[in-house]
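Peer 1: One structure coming up, written as structure tokens, with questions to follow.
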Amino acid sequence: MLPAAALAPNKPFRDYVLDNWGVEQGLPQITVTAITQDGEGYLWLGSQTGLARFDGVHFQNFALRDALGLDSGIQALLADDHGRLWVGTARSLLVLENGKLRNLTPPGKPGEPPPRFPVAALAFVDGQVLVAGPDGLYAPTTDGLRRVRPLPGPATSLLTGPDGLWIGSRGQVLQLVAGQLEPHPLPDGMADVAVNALAHFDGEVYASTRNGLLRLHDGQWTPVPGRDGDRVRAVEALAADHDGNLWLATPQYLERLRKGQPVERLQNTAGSIAIRAIFEDRDGNLWLGSQTEGITRAWSGYTRRLSHPDGLASPLLWAVAKAPDGGIWVGTSDGVEVWRDGRFQRVASGAQLPHPEAYSLLPEAGQVWVGTRAGVALLHPGRPGAELPPALLPLRNAQINGILRDHLGQLWFATSEGLFELDAHQQLTRYGAAQGLPDPRIRIVRETRDGHLLAGSSQGLYEWREGRMQAVGRTQGLPADIAVSAFVELADGRWVLGSSSGVPLWIFDGQRWRGIGENRGLPASLPFHLDEIDGQLWVAGMQGVYRLPLAQLDRALADPRARLAPELLINSGFDRLGGQQDKCCNGSGNNRGLLYQNELWLPTRDGALLVQTALPDARTPWPLRIETVQTDVGTLTPGRTRLQLPLDARTVRIAFSLPALLPAHPPHLRFRLTGFDEGWRELDAPNQRSIGYVNLPPGQYRFEVADFSRPNPLADTATLELEVPPHLRETLAFRMLAVLLLGALVWLGYLGLRLRYARQRAALELLVQERTQDLQTANARLKELSFTDPLTGLHNRRYLSQQIPIDLKFYERDAGYLDGSDALVFVLLDIDHFKLINDTWGHAAGDRVLEQFGQLLGELKRSGDYAARWGGEEFLLVLRPLPRDGLAQIGQRLCARIAAHPFDLGGGRHHRLTASIGLVEYPLLHQQPHLLDWEQLVSLADRALYRVKTSGRNGWMAYRPLPGNTLTLDPALVRGNPGWLLDNGVLEMFGEIGPDPHGGTSGEPAPKHPPNPPPEAGP
């Protein structure tokens, strides 16, 4: 059975999640003309030139020419209950069984080749495969096809159902019930029109033709007009899903019908272009095969997004809150808007507020309090403008992160300048350092059910008690410097804090605080909103949304060894796969989430993201399968669960597969080779589907692969027993014979025995040494190849990813590095106009240039520096610590040396080149050496390089901190985001652009270099 509402019928197509695969991802041909799914969950795709099996990760391709002798387009696919795949083509019928394609045709005339037999459709009826042929219905036999029902014309489409078998033909549709054919002629003027598809929809039969869509009503076919009233349209594909949608495709658009009426037409958008096949799999995904765009998967996802199309004037949202009258108020970057009757309505523009950005909201009966980035305003719906309460004028320069009215009617304001209270007499009181609050940056203010007033700051959690702010949790396990970003009180009275520093979640049971972080299985995340929904803790933040069963959380709190398995729902940058890819969420504060009508409203940079909280259960996972065993003497296909390898096969690669068509529930595969591995091992990459072993000793092994995302992963493992046979010298019999021979040699005398034994021992030692040396040489060569670019001989990215963190730890002990006077330098170089070399002199000349460029960099670097090929014509120099402010000298010298070097193109031809260079020092800010990691600084160097490219090439650019500029916000909000430093003026770019020998201008001038460059160092 399909899960309910796999494609939510009331959700617009633009809110569906679309994933596309084409030739670049392994599809044999860009046109997909037929789709089906077999009993093990694999998707089968037919194209004009081939057949492919798809497991959601990899394509396994089968060439039709292997069976037909020439290419022939696939028109129909059907998987039966016996593991066979039936393939209808424009020439014949094929069956794929046990990995081999076989051709089936009707019997022809003796001595003549089989006749052309186009197959337009296939169906499975009463345990039998029926084939739509050019003159009737056929059934497969052992070696061919047998006609079981002659027809007056060709069978062009088939549809099975409780009302019998429906057969589309030319000018009519035939209904086969209890062995009797009942014709249903098409309307007048359509006698020669072929019915290319049939579907059951809303209790009636629909037929698609090149002349339009028809509906059989009261025994008569009637045209079904499109959304724009058009009746004549060429329908190429037709399918009804299990959620009440009828999908039809024309050469121009994709259209959806509900209750017999067209409700949506999609044109020139992803998933709607030139659709030729429509199929719904057993998990409820809709698959759309295109003439020009490959295969697209559409699924509902967990969200819908309310933005510009829904009337939202400003899509950047900061706050969302519910009013007593049911309206949903949102604070935007340019005012305040309210959601009513399915549309957003602007209530106040940004110009009417103290500051355009409405950062927090408190809707009350007849009024709405608005906290901005610079003060508070009061809105009265129905009245124009905004009121600026005089009592709140002291807040005009403060960012208002939260507004709360407590059970006594007092108003509380969480601001960047402290916690403020406004009493019934309009008296404003500030709570700051003098009242026990050392850090004035209050992010949230909450009141618990029993009246505790809590304020979360950037440096701890505090409670208001009789005019004083008391630190919370200091003696109960809560860190004093915790940066509080979210808070929720659970139904059982426990408190949960979200933190933007260190451990992300803290739980208080009334006695002590305990932290739960990434080491217990949580994804790396910065929580902005916490909620309890149906026994689950929901966590929304910058990296996405996940939920965690509270029962699972309780087990983890009781057992320090227990790991958590949160379910990822929205993935905006988590450190793992899973969930729906979408954008979420904005900032910490009081109004960063709202549960309303089974949807969690979250403010984002593109409107309100509404996350469905009543989620359907995931479908039962499909079985794992071991596909092949590749050895150094050939590829084997396991027929059963036991396989004996050939005698000389000691290196194996085991390929396995698992249908993973549910994008939000990717499998978590682990493997082990019992008898070799000590335990379960993780894959190197989530999409990896093969494992290799080298030089296996003789013996019995068991290979197992399991999906650990399932509740009981070991119940459904794929298992293969492997036997590695020994050579004669490795057998027990051989060893026993050697012992007997040794015993016999005793009779030949003591001296003879010593001589023979010495010779045998020397031979065995030499053999062991040779095998050990061969293995060490092979392993060393493999390691060298994995760390080396094969063309230039330089290091590659993989080497740098391993080596640079080790070097950074070493340099952190260096005195100059510690006091900030020295810094590493990352230099990213890109050869200018490299494509011109390939286009003019060929790729062989381009390879020669890359080799010589790598040699030149090797000559320019010092001992201890690294030169690596970063990708394509990009190279990276990593220079060990140098005195700071030497970037200009390095950039100038590199540009000059490269421009002066003649590059040999072969055949006596030489050419001079220039390069575009981006530089940056590490650490960027010596006061905060770990603010950005080395890979993010390389991305800054790449930005600088790009500026050189866009400014004329043949030059260098670098980033450096502006003198005297320091970070004024919490570094935790900046860390990992180089773009913030650029957008907020913390960094400046400087450099030089030289003349481009191939034309162009130097662009706008770069800032001047700092005075008195340091002595020459590095390249």
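Here, A, B, ... name the chains of the structure tokens in the order displayed, residue numbers run from 1 inside each chain, and ligands are numbered from 1 in the same displayed order.
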Could you name the residues that touch Leu615 (chain A) at 10 Å or less, counting only C-alpha atoms, but leaving out those on the same chain fewer than 5 positions away, as number ranges by chain?
Peer 2: A: 4, 301-302, 569, 598
Peer 1: Go ahead and save the residues from that selection, with C-alpha atoms, as a PDB file, in the first residue's frame.
Peer 2:
ATOM      1  CA  ALA A   4      -1.397   8.531   2.446  1.00  0.00           C
ATOM      2  CA  GLY A 301       8.234  16.929   1.061  1.00  0.00           C
ATOM      3  CA  TYR A 302       7.425  18.161   4.531  1.00  0.00           C
ATOM      4  CA  LEU A 569      13.292  16.823   8.345  1.00  0.00           C
ATOM      5  CA  ASN A 598      -0.316  20.966  12.691  1.00  0.00           C
TER       6      ASN A 598
END
Peer 1: Identify, on the basis of only C-alpha atoms, every residue whose closest approach to Arg650 (chain A) does not exceed 9 Å; exclude the query and any residue fewer than 3 positions from it along the same chain; express the result as a list in words.
Peer 2: Thr631, Asp632, Leu645, Pro646, Leu647, Tyr693, Val694, Asn695, Leu696, Pro697, Pro698 and Val724 of chain A
Peer 1: In terms of the shortest atom-to-atom distance over only C-alpha atoms, which of A:Ala562, A:Ala941, A:Leu610, A:Val376 is closest to Asn397 (chain A)?
Peer 2: A:Val376
Peer 1: If we count only C-alpha atoms and set the cut-off at 6 Å, which residues sit around region 828-842 of chain A, ignoring sequence neighbours fewer than 3 positions away in its own chain? Please answer as a PyMOL selection string.
Peer 2: chain A and resi 845-846+873-876+914-918
Peer 1: Can you spit out the residues from that selection as an mmCIF file, in the first residue's frame, using N, CA, C and O atoms?
Peer 2:
data_model
loop_
_atom_site.group_PDB
_atom_site.id
_atom_site.type_symbol
_atom_site.label_atom_id
_atom_site.label_comp_id
_atom_site.auth_asym_id
_atom_site.auth_seq_id
_atom_site.Cartn_x
_atom_site.Cartn_y
_atom_site.Cartn_z
ATOM 1 N N ALA A 845 49.155 19.993 -25.641
ATOM 2 C CA ALA A 845 49.907 21.203 -25.284
ATOM 3 C C ALA A 845 49.456 21.721 -23.927
ATOM 4 O O ALA A 845 50.265 22.181 -23.124
ATOM 5 N N GLY A 846 48.137 21.640 -23.680
ATOM 6 C CA GLY A 846 47.650 22.082 -22.374
ATOM 7 C C GLY A 846 48.230 21.264 -21.237
ATOM 8 O O GLY A 846 48.594 21.796 -20.193
ATOM 9 N N GLU A 873 43.079 24.079 -14.026
ATOM 10 C CA GLU A 873 44.280 24.901 -14.144
ATOM 11 C C GLU A 873 44.533 25.720 -12.886
ATOM 12 O O GLU A 873 45.232 26.727 -12.929
ATOM 13 N N GLU A 874 43.945 25.312 -11.753
ATOM 14 C CA GLU A 874 44.145 26.012 -10.482
ATOM 15 C C GLU A 874 45.188 25.276 -9.650
ATOM 16 O O GLU A 874 45.186 24.033 -9.571
ATOM 17 N N PHE A 875 46.053 26.060 -8.995
ATOM 18 C CA PHE A 875 47.089 25.505 -8.137
ATOM 19 C C PHE A 875 47.056 26.243 -6.801
ATOM 20 O O PHE A 875 46.625 27.405 -6.723
ATOM 21 N N LEU A 876 47.520 25.558 -5.757
ATOM 22 C CA LEU A 876 47.528 26.154 -4.425
ATOM 23 C C LEU A 876 48.921 26.033 -3.827
ATOM 24 O O LEU A 876 49.500 24.947 -3.804
ATOM 25 N N THR A 914 50.320 34.226 -18.275
ATOM 26 C CA THR A 914 50.164 34.969 -17.020
ATOM 27 C C THR A 914 49.218 34.183 -16.117
ATOM 28 O O THR A 914 48.593 33.214 -16.536
ATOM 29 N N ALA A 915 49.103 34.622 -14.888
ATOM 30 C CA ALA A 915 48.235 33.940 -13.926
ATOM 31 C C ALA A 915 47.476 34.981 -13.104
ATOM 32 O O ALA A 915 47.942 36.104 -12.907
ATOM 33 N N SER A 916 46.317 34.574 -12.639
ATOM 34 C CA SER A 916 45.529 35.358 -11.679
ATOM 35 C C SER A 916 45.704 34.716 -10.311
ATOM 36 O O SER A 916 45.579 33.490 -10.169
ATOM 37 N N ILE A 917 45.991 35.540 -9.300
ATOM 38 C CA ILE A 917 46.421 35.010 -8.004
ATOM 39 C C ILE A 917 45.575 35.639 -6.896
ATOM 40 O O ILE A 917 45.321 36.845 -6.893
ATOM 41 N N GLY A 918 45.134 34.778 -5.960
ATOM 42 C CA GLY A 918 44.461 35.243 -4.754
ATOM 43 C C GLY A 918 45.240 34.804 -3.531
ATOM 44 O O GLY A 918 45.695 33.663 -3.450
#
Peer 1: Between A:Gln37, A:Asn103, A:Gln688, A:Gln175, which is the closest to Gly284 (chain A) once you count only C-alpha atoms?
Peer 2: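 Going through A:Gln37, A:Asn103, A:Gln688, A:Gln175 one by one, the smallest distance to Gly284 (chain A) is for A:Gln37.
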Peer 1: Write out as a PyMOL selection string each polymer residue whose atoms come within 12 Å of Asp807 (chain A), counting only C-alpha atoms; drop sequence neighbours fewer than 2 positions from it.
Peer 2: chain A and resi 800-805+809-814+824+864-866+878-881+934
Peer 1: May I ask which of the residues A:Leu662, A:Leu856, A:Leu254, A:Val177 is the closest one to Asp281 (chain A), counting only C-alpha atoms?
Peer 2: A:Leu662
Peer 1: What is the CA of Gly164 (chain A)-CA of Asp202 (chain A) distance in Å, reported with one decimal?
Peer 2: 16.7 Å
Peer 1: Each residue of region 175-200 of chain A lying at most 12 Å from region 117-123 of chain A should get a row with its shortest atom-to-atom pair and the distance in Å to one decimal, counting only C-alpha atoms; could you produce that, ordered by chain and increasing number, as a tab-separated table?
Peer 2:
residue	atom	partner	partner_atom	distance
A:Ala194	CA	A:Ala120	CA	11.1
A:Val195	CA	A:Ala120	CA	10.6
A:Asn196	CA	A:Ala120	CA	8.2
A:Ala197	CA	A:Ala121	CA	8.8
A:Leu198	CA	A:Ala121	CA	10.6
Peer 1: Near Pro225 (chain A), counting only C-alpha atoms, which residues have an atom at most 10 Å away, once you skip same-chain residues fewer than 3 positions from it, shown as a PDB file with N, CA, C and O atoms, in the first residue's frame?
Peer 2:
ATOM      1  N   GLY A 212      -6.389  15.082 -28.067  1.00  0.00           N
ATOM      2  CA  GLY A 212      -6.977  15.589 -26.843  1.00  0.00           C
ATOM      3  C   GLY A 212      -7.218  14.502 -25.811  1.00  0.00           C
ATOM      4  O   GLY A 212      -6.946  13.313 -26.030  1.00  0.00           O
ATOM      5  N   LEU A 213      -7.762  14.914 -24.661  1.00  0.00           N
ATOM      6  CA  LEU A 213      -8.090  14.018 -23.551  1.00  0.00           C
ATOM      7  C   LEU A 213      -9.588  13.743 -23.572  1.00  0.00           C
ATOM      8  O   LEU A 213     -10.404  14.664 -23.731  1.00  0.00           O
ATOM      9  N   LEU A 214      -9.964  12.453 -23.382  1.00  0.00           N
ATOM     10  CA  LEU A 214     -11.362  12.043 -23.429  1.00  0.00           C
ATOM     11  C   LEU A 214     -11.739  11.372 -22.124  1.00  0.00           C
ATOM     12  O   LEU A 214     -10.915  10.738 -21.459  1.00  0.00           O
ATOM     13  N   THR A 222     -16.346  11.935 -24.123  1.00  0.00           N
ATOM     14  CA  THR A 222     -16.498  13.386 -24.228  1.00  0.00           C
ATOM     15  C   THR A 222     -15.141  14.044 -24.019  1.00  0.00           C
ATOM     16  O   THR A 222     -14.350  13.600 -23.183  1.00  0.00           O
ATOM     17  N   ASP A 228      -6.955  26.157 -19.870  1.00  0.00           N
ATOM     18  CA  ASP A 228      -7.257  27.356 -20.645  1.00  0.00           C
ATOM     19  C   ASP A 228      -8.419  27.146 -21.601  1.00  0.00           C
ATOM     20  O   ASP A 228      -8.625  27.938 -22.528  1.00  0.00           O
ATOM     21  N   GLY A 229      -9.174  26.045 -21.445  1.00  0.00           N
ATOM     22  CA  GLY A 229     -10.336  25.797 -22.283  1.00  0.00           C
ATOM     23  C   GLY A 229     -10.030  25.088 -23.580  1.00  0.00           C
ATOM     24  O   GLY A 229     -10.943  24.813 -24.361  1.00  0.00           O
ATOM     25  N   ASP A 230      -8.747  24.757 -23.842  1.00  0.00           N
ATOM     26  CA  ASP A 230      -8.404  24.124 -25.109  1.00  0.00           C
ATOM     27  C   ASP A 230      -8.840  22.655 -25.098  1.00  0.00           C
ATOM     28  O   ASP A 230      -8.615  21.936 -24.138  1.00  0.00           O
ATOM     29  N   ARG A 231      -9.474  22.219 -26.176  1.00  0.00           N
ATOM     30  CA  ARG A 231      -9.950  20.847 -26.287  1.00  0.00           C
ATOM     31  C   ARG A 231      -9.020  19.974 -27.122  1.00  0.00           C
ATOM     32  O   ARG A 231      -8.846  18.802 -26.873  1.00  0.00           O
ATOM     33  N   VAL A 232      -8.460  20.540 -28.184  1.00  0.00           N
ATOM     34  CA  VAL A 232      -7.568  19.777 -29.057  1.00  0.00           C
ATOM     35  C   VAL A 232      -6.139  20.000 -28.589  1.00  0.00           C
ATOM     36  O   VAL A 232      -5.602  21.109 -28.686  1.00  0.00           O
ATOM     37  N   ARG A 233      -5.529  18.976 -28.067  1.00  0.00           N
ATOM     38  CA  ARG A 233      -4.150  19.052 -27.598  1.00  0.00           C
ATOM     39  C   ARG A 233      -3.531  17.664 -27.700  1.00  0.00           C
ATOM     40  O   ARG A 233      -4.216  16.662 -27.465  1.00  0.00           O
ATOM     41  N   GLY A 260     -11.971  15.854 -11.932  1.00  0.00           N
ATOM     42  CA  GLY A 260     -12.336  16.054 -13.310  1.00  0.00           C
ATOM     43  C   GLY A 260     -12.021  17.419 -13.872  1.00  0.00           C
ATOM     44  O   GLY A 260     -12.286  17.681 -15.042  1.00  0.00           O
ATOM     45  N   GLN A 261     -11.457  18.316 -13.062  1.00  0.00           N
ATOM     46  CA  GLN A 261     -11.195  19.674 -13.509  1.00  0.00           C
ATOM     47  C   GLN A 261      -9.702  19.974 -13.467  1.00  0.00           C
ATOM     48  O   GLN A 261      -9.019  19.595 -12.521  1.00  0.00           O
ATOM     49  N   PRO A 262      -9.178  20.662 -14.506  1.00  0.00           N
ATOM     50  CA  PRO A 262      -7.758  21.059 -14.467  1.00  0.00           C
ATOM     51  C   PRO A 262      -7.542  22.153 -13.426  1.00  0.00           C
ATOM     52  O   PRO A 262      -8.244  23.157 -13.417  1.00  0.00           O
TER      53      PRO A 262
END
Peer 1: Give me, as JSON, numbers by chain, the residues of region 429-616 of chain A that a backbone DSSP run labels alpha helix (DSSP H).
Peer 2: {"A": [550, 551, 552, 553, 554, 555, 556, 557, 558]}
Peer 1: Check the smallest atom-to-atom distance from each of A:Val205, A:Val633, A:Ala483, A:Ala685 to His217 (chain A) using only C-alpha atoms, then report the winner.
Peer 2: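 Among the listed residues, A:Val205 lies closest to His217 (chain A).
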Peer 1: Would you mind writing down, as a PyMOL selection string, each residue of region 606-820 of chain A that DSSP on the backbone assigns to strand (DSSP E)?
Peer 2: chain A and resi 607-612+625-631+634-636+642-644+652-657+669-674+681-682+690-693+699-707+718-724
Peer 1: Have a look at A:Arg441, A:His380, A:Arg449, A:His668 and name the one nearest to His407 (chain A); count only C-alpha atoms.
Peer 2: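 Closest candidate: A:Arg449.
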Peer 1: Please list as JSON, numbers by chain every residue within 8 Å of Leu683 (chain A), counting only C-alpha atoms and excluding residues in the same chain fewer than 2 positions away.
Peer 2: {"A": [669, 670, 671, 681, 685, 686, 688]}
Peer 1: Could you write out that same residue set with N, CA, C and O atoms as a PDB file, in the first residue's frame?
Peer 2:
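That gives us out16.pdb:
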ATOM      1  N   LEU A 669      24.252   2.610   5.690  1.00  0.00           N
ATOM      2  CA  LEU A 669      24.815   1.285   5.449  1.00  0.00           C
ATOM      3  C   LEU A 669      26.147   1.105   6.172  1.00  0.00           C
ATOM      4  O   LEU A 669      26.982   2.006   6.178  1.00  0.00           O
ATOM      5  N   ARG A 670      26.284  -0.070   6.769  1.00  0.00           N
ATOM      6  CA  ARG A 670      27.556  -0.492   7.350  1.00  0.00           C
ATOM      7  C   ARG A 670      27.842  -1.909   6.863  1.00  0.00           C
ATOM      8  O   ARG A 670      26.923  -2.643   6.480  1.00  0.00           O
ATOM      9  N   PHE A 671      29.113  -2.313   6.929  1.00  0.00           N
ATOM     10  CA  PHE A 671      29.497  -3.621   6.404  1.00  0.00           C
ATOM     11  C   PHE A 671      30.562  -4.232   7.303  1.00  0.00           C
ATOM     12  O   PHE A 671      31.206  -3.549   8.101  1.00  0.00           O
ATOM     13  N   ARG A 681      31.857  -1.627   9.884  1.00  0.00           N
ATOM     14  CA  ARG A 681      32.604  -0.472   9.374  1.00  0.00           C
ATOM     15  C   ARG A 681      31.682   0.447   8.586  1.00  0.00           C
ATOM     16  O   ARG A 681      30.706   0.003   7.980  1.00  0.00           O
ATOM     17  N   ALA A 685      31.737   6.942   1.752  1.00  0.00           N
ATOM     18  CA  ALA A 685      30.805   7.970   1.271  1.00  0.00           C
ATOM     19  C   ALA A 685      29.397   7.387   1.326  1.00  0.00           C
ATOM     20  O   ALA A 685      29.214   6.184   1.115  1.00  0.00           O
ATOM     21  N   PRO A 686      28.382   8.222   1.600  1.00  0.00           N
ATOM     22  CA  PRO A 686      27.017   7.694   1.729  1.00  0.00           C
ATOM     23  C   PRO A 686      26.513   6.982   0.484  1.00  0.00           C
ATOM     24  O   PRO A 686      25.713   6.061   0.582  1.00  0.00           O
ATOM     25  N   GLN A 688      28.344   5.257  -1.639  1.00  0.00           N
ATOM     26  CA  GLN A 688      29.216   4.148  -2.030  1.00  0.00           C
ATOM     27  C   GLN A 688      28.437   2.839  -2.005  1.00  0.00           C
ATOM     28  O   GLN A 688      27.662   2.573  -1.079  1.00  0.00           O
TER      29      GLN A 688
END
Peer 1: Hey, what's within 6 Å of region 525-540 of chain A if we count only C-alpha atoms and toss same-chain stuff fewer than 3 positions away? As a PyMOL selection string, please?
Peer 2: chain A and resi 485-486+488+498+500+543-550+588+592-593
Peer 1: Rounded to one decimal in Å, what is the spacing between CA of Glu236 (chain A) and CA of Ala249 (chain A)?
Peer 2: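 Taking CA of Glu236 (chain A) and CA of Ala249 (chain A), their separation equals 5.5 Å.
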Peer 1: Distance table requested - region 378-440 of chain A against region 348-368 of chain A, cut-off 10 Å, only C-alpha atoms: one row per qualifying residue with the closest atom pair and its distance in Å to one decimal, ordered by chain and rising residue number, as a tab-separated table.
Peer 2:
residue	atom	partner	partner_atom	distance
A:Leu378	CA	A:Val368	CA	5.8
A:Leu379	CA	A:Val368	CA	5.0
A:His380	CA	A:Gln367	CA	4.6
A:Pro381	CA	A:Gln367	CA	6.4
A:Gly382	CA	A:Gly366	CA	9.1
A:Pro384	CA	A:Ala348	CA	8.1
A:Gly385	CA	A:Gln352	CA	6.0
A:Ala386	CA	A:Gln352	CA	6.2
A:Glu387	CA	A:Leu353	CA	8.7
A:Leu388	CA	A:Pro354	CA	7.9
A:Arg396	CA	A:Pro354	CA	7.4
A:Asn397	CA	A:Pro354	CA	9.4
A:Gln399	CA	A:Tyr359	CA	7.8
A:Ile400	CA	A:Tyr359	CA	6.5
A:Asn401	CA	A:Ser360	CA	5.8
A:Gly402	CA	A:Ser360	CA	5.4
A:Ile403	CA	A:Leu362	CA	6.1
A:Leu404	CA	A:Leu362	CA	7.0
A:Arg405	CA	A:Leu362	CA	8.3
A:Phe413	CA	A:Ser360	CA	9.7
A:Ala414	CA	A:Ser360	CA	9.6
Peer 1: Quote the spacing between CA of Gly39 (chain A) and CA of Ala199 (chain A) in Å to one decimal place.
Peer 2: 22.0 Å
